[in-house]
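Enquirer: Before I ask anything, let me first share the structure, which is written out below as C-alpha cells.
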Amino acid sequence: MANRILAVDDNAVNLKVVSATLLHAGYQVFTAQNGAEALRVIEQVWPEVIILDVDMPEMDGYEVCRRLRANPKTSHIPVMILTVHDTLEEKVKGFEAGADDYLTKPFQPAELQARIKVLLRRKFLESGVSGPQQGKVISVYSLRGGVGVTTLATNLATGLAQIWQKQVALVDLNLTMGQSALMLNLALRNTWSDLAKIPVEEIDTEVITAVMLHHESKVDVLASPRDISDSQMVTADIADRVLGILKTSYPYVVVDLPHDVSEPTLAALDLTDEIVAIFAPDIASVRAMVGALELFGKLGIPDDKVRVALNWTFERKGLARKDIERVLKRPVQWIIPFAAETIVSAINLGTPPVLSAPTSPMGMLFEDFAYAVSTVEDQEKRENQPSEALLRARERERVRRQGDQP
C-alpha cells in the first residue's frame with residue numbers, strides 16, 4: 001500500500017514542489033492550504049505522515065501540530081515542519097509543539113524523501129509492523145444469508161483498529177449487494193468494479209489504495225460494486241492478487257465473504273488465517289453450518305483455524321446450544337445475544353456498536369471478539385501507550401481468567 005502523505009502549505013507553488021517530490025518517490029499525496037482544511041482532510045484520509053508549513057493564515061503550523069498531539073486519534077501521526085525559518089528558536093518551538101522532524105526551505109528532494117522514509121520506518125517499528133508477513137487475514141463466512149456476517153465483519157475490523165490503533169482493511173467480497181461500506185456510512189466513490197477494469201498484472205498497492213474508501217476509525221474499505229452486473233467482473237485471479245497484496249500491506253485484513261462457494265470465495269479462503277463461521281439457532285442455519293464445516297474439511301482447513309459463532313437473530317424459540325453442538329460435533333466459541341434494536345440502529349446510522357457505544361454490552365462483546373482474533377504477538381506485546389479499547393479488553397480477559405480458576 002502506497003503510504004499516504006499530507007502536505008500543508010498556503011503557497012500553491014511550494015505545495016506543488018513538495019507534492020511532485022513525494023509523488024516521484026511513490027507516495028500517495030494529499031494537500032491542504034491552511035490549518036483548518038488540513039484538520040478536515042486528516043479525518044478523511046488518515047495520512048501516515050504530515051508535512052506542515054509554519055506561516056499560514058488563521059492557524060499556523062505550530063498550532064496545527066499542537067492540536068494533532070492533543071487528539072488521541074492523531075497523536076501518533078508523525079509530523080514534519082517544513083519552513084523557511086532556520087533559527088534555533090524556531091526549531092525549538094516546532095519540537096515543543098510536537099513535531100517529529102524539522103526541515104528548512106529550500107530543500108533537496110533527496111533529503112525530504114530520506115526524512116520521510118525515516119519517519120515511516122519509526123512509525124511502523126513503534127506500531128509493531130516489522131514486515132509484510134505480519135498481516136493476518138480473518139474471514140467471516142456463512143452459507144446462509146441474514147445471520148450477521150457483515151455486522152460481525154464490520155465490528156471486527158473497527159474493533160481491531162481501535163484496539164491496536166493500526167490501519168485495518170475491510171474487504172467486501174459479497175459482490176452482489178455487499179453492505180460493508182453502508183455499515184460505515186461511506187459513499188461508494190470506488191468499488192471492486194474499478195479494480196476489475198484493470199489487467200490483473202497491473203494491480204498493485206498504489207492502485208488498490210486509490211480504490212479503497214477511508215474511514216475515520218482507521219478502517220480502509222474495499223467496497224462491493226454499485227451495479228450487480230459488475231459482480232461477474234471480479235474473478236478469482238483478481239481476488240487472489242488483491243487479497244495477497246493487502247495481506248502484505250495491512251496488519252489485519254477482515255473479509256466479508258458471500259454465502260457461496262464461488263471461485264473468488266475459495267481464493268479468499270485459501271489466503272485466510274482464521275475463519276469465523278457464523279450461523280443462527282434454526283434448523284436451516286445449522287444445516288448450512290454443517291455444510292460449511294464439511295467444505296472447510298475438504299479444503300484442508302484445520303479445525304483450529306475455524307471459530308464458530310452463534311448469533312441469536314430472533315428473540316426466542318431457537319434450538320438449544322447443546323443440541324446444536326451435538327449436531328456440529330464441536331463447541332460454539334462465540335455467542336451473540338439477541339439485540340435487534342441495537343443492530344438495526346447501527347446499520348441505519350452507519351456506526352457499529354464497537355465505535356458508537358464501546359462500553360455497552362454489544363460494544364464490549366465485539367471488542368472482545370476483535371481482541372480474540374488478534375495475533376498472539378499483539379496480545380503479548382506490552383504497549384507504551386495502550387488504547388482505551390485495549391485496556392478494556394485486557395481487563396475483561398483478566399476477570400474472565402480469574403473466574404475460570406478453581
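Each chain of the C-alpha cells is named A, B, ... in the order shown, its residues numbered from 1; ligands are numbered from 1 in display order.
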Residues of region 68-102 of chain A classed as helix (DSSP H, G or I) by DSSP on the backbone are to be reported as a PyMOL selection string.

Expert: chain A and resi 68-70+88-97

Enquirer: Quick one: of A:Leu390, A:Val147, A:Ala157, A:Ala357, who's nearest to Phe314 (chain A), counting only C-alpha atoms?

Expert: A:Val147

Enquirer: Neighbouring residues of Pro264 (chain A) were defined as those with any atom within 10 Å, considering only C-alpha atoms; residues of the same chain fewer than 6 positions away were excluded. Please report them as number ranges by chain.

Expert: A: 173-175, 234-240, 257-258, 270

Enquirer: Export, as a PDB file, in the first residue's frame, the selected residues with N, CA and C atoms.

Expert:
ATOM      1  N   LEU A 173     -16.361  -8.952  -0.138  1.00  0.00           N
ATOM      2  CA  LEU A 173     -16.381  -9.859  -1.287  1.00  0.00           C
ATOM      3  C   LEU A 173     -17.793 -10.317  -1.633  1.00  0.00           C
ATOM      4  N   ASN A 174     -18.787  -9.797  -0.938  1.00  0.00           N
ATOM      5  CA  ASN A 174     -20.174 -10.062  -1.315  1.00  0.00           C
ATOM      6  C   ASN A 174     -20.476  -9.139  -2.489  1.00  0.00           C
ATOM      7  N   LEU A 175     -20.194  -9.617  -3.685  1.00  0.00           N
ATOM      8  CA  LEU A 175     -20.141  -8.761  -4.868  1.00  0.00           C
ATOM      9  C   LEU A 175     -21.501  -8.428  -5.463  1.00  0.00           C
ATOM     10  N   VAL A 234     -15.312  -9.578 -11.273  1.00  0.00           N
ATOM     11  CA  VAL A 234     -14.282  -9.872 -10.270  1.00  0.00           C
ATOM     12  C   VAL A 234     -14.007 -11.370 -10.274  1.00  0.00           C
ATOM     13  N   THR A 235     -12.894 -11.746 -10.851  1.00  0.00           N
ATOM     14  CA  THR A 235     -12.533 -13.155 -10.974  1.00  0.00           C
ATOM     15  C   THR A 235     -11.709 -13.625  -9.778  1.00  0.00           C
ATOM     16  N   ALA A 236     -11.492 -14.930  -9.742  1.00  0.00           N
ATOM     17  CA  ALA A 236     -10.664 -15.497  -8.675  1.00  0.00           C
ATOM     18  C   ALA A 236      -9.242 -14.950  -8.741  1.00  0.00           C
ATOM     19  N   ASP A 237      -8.733 -14.739  -9.960  1.00  0.00           N
ATOM     20  CA  ASP A 237      -7.373 -14.206 -10.104  1.00  0.00           C
ATOM     21  C   ASP A 237      -7.264 -12.799  -9.524  1.00  0.00           C
ATOM     22  N   ILE A 238      -8.297 -11.982  -9.775  1.00  0.00           N
ATOM     23  CA  ILE A 238      -8.287 -10.619  -9.238  1.00  0.00           C
ATOM     24  C   ILE A 238      -8.363 -10.653  -7.715  1.00  0.00           C
ATOM     25  N   ALA A 239      -9.295 -11.462  -7.197  1.00  0.00           N
ATOM     26  CA  ALA A 239      -9.447 -11.563  -5.737  1.00  0.00           C
ATOM     27  C   ALA A 239      -8.160 -12.049  -5.091  1.00  0.00           C
ATOM     28  N   ASP A 240      -7.532 -13.037  -5.704  1.00  0.00           N
ATOM     29  CA  ASP A 240      -6.299 -13.600  -5.155  1.00  0.00           C
ATOM     30  C   ASP A 240      -5.181 -12.558  -5.136  1.00  0.00           C
ATOM     31  N   LEU A 257     -17.284 -12.345   3.496  1.00  0.00           N
ATOM     32  CA  LEU A 257     -17.465 -13.302   2.406  1.00  0.00           C
ATOM     33  C   LEU A 257     -18.934 -13.474   2.035  1.00  0.00           C
ATOM     34  N   PRO A 258     -19.206 -13.803   0.762  1.00  0.00           N
ATOM     35  CA  PRO A 258     -20.580 -14.079   0.336  1.00  0.00           C
ATOM     36  C   PRO A 258     -21.016 -15.472   0.786  1.00  0.00           C
ATOM     37  N   ASP A 270      -8.486 -19.574   0.777  1.00  0.00           N
ATOM     38  CA  ASP A 270      -7.135 -20.122   0.665  1.00  0.00           C
ATOM     39  C   ASP A 270      -6.098 -19.197   1.309  1.00  0.00           C
TER      40      ASP A 270
END

Enquirer: As an NGL selection string, please: every residue in region 90-212 of chain A that DSSP puts in strand (DSSP E or B).

Expert: :A and (101-104 or 136-141 or 168-172)

Enquirer: Just the residues within 9 Å of Ala110 (chain A), please, counting only C-alpha atoms, with nothing from its chain fewer than 4 positions along; format it as a compact mmCIF listing (two decimals) with C-alpha atoms, in the first residue's frame.

Expert:
# COMPACT_ATOMS: atom_id res chain seq x y z
CA THR A 21 8.83 15.32 -4.92
CA ALA A 114 15.02 10.28 3.09
CA ARG A 115 13.48 12.01 6.09

Enquirer: Name the residues in contact with Ala292 (chain A) at a cut-off of 9 Å, using only C-alpha atoms, excluding same-chain residues fewer than 4 positions from it; report them as a list of chain:residue names.

Expert: A:Tyr141, A:Ser142, A:Leu143, A:Ala277, A:Arg287, A:Ala288, A:Phe296, A:Gly297

Enquirer: Kindly save the residues from that selection, with C-alpha atoms included, as a PDB file, in the first residue's frame.

Expert:
ATOM      1  CA  TYR A 141     -18.447 -16.706   6.459  1.00  0.00           C
ATOM      2  CA  SER A 142     -21.825 -18.383   6.286  1.00  0.00           C
ATOM      3  CA  LEU A 143     -23.601 -20.395   3.615  1.00  0.00           C
ATOM      4  CA  ALA A 277     -18.161 -19.155  10.726  1.00  0.00           C
ATOM      5  CA  ARG A 287     -27.663 -27.337   8.250  1.00  0.00           C
ATOM      6  CA  ALA A 288     -25.754 -24.601   6.402  1.00  0.00           C
ATOM      7  CA  PHE A 296     -13.528 -26.484   5.247  1.00  0.00           C
ATOM      8  CA  GLY A 297     -12.548 -30.103   5.770  1.00  0.00           C
TER       9      GLY A 297
END
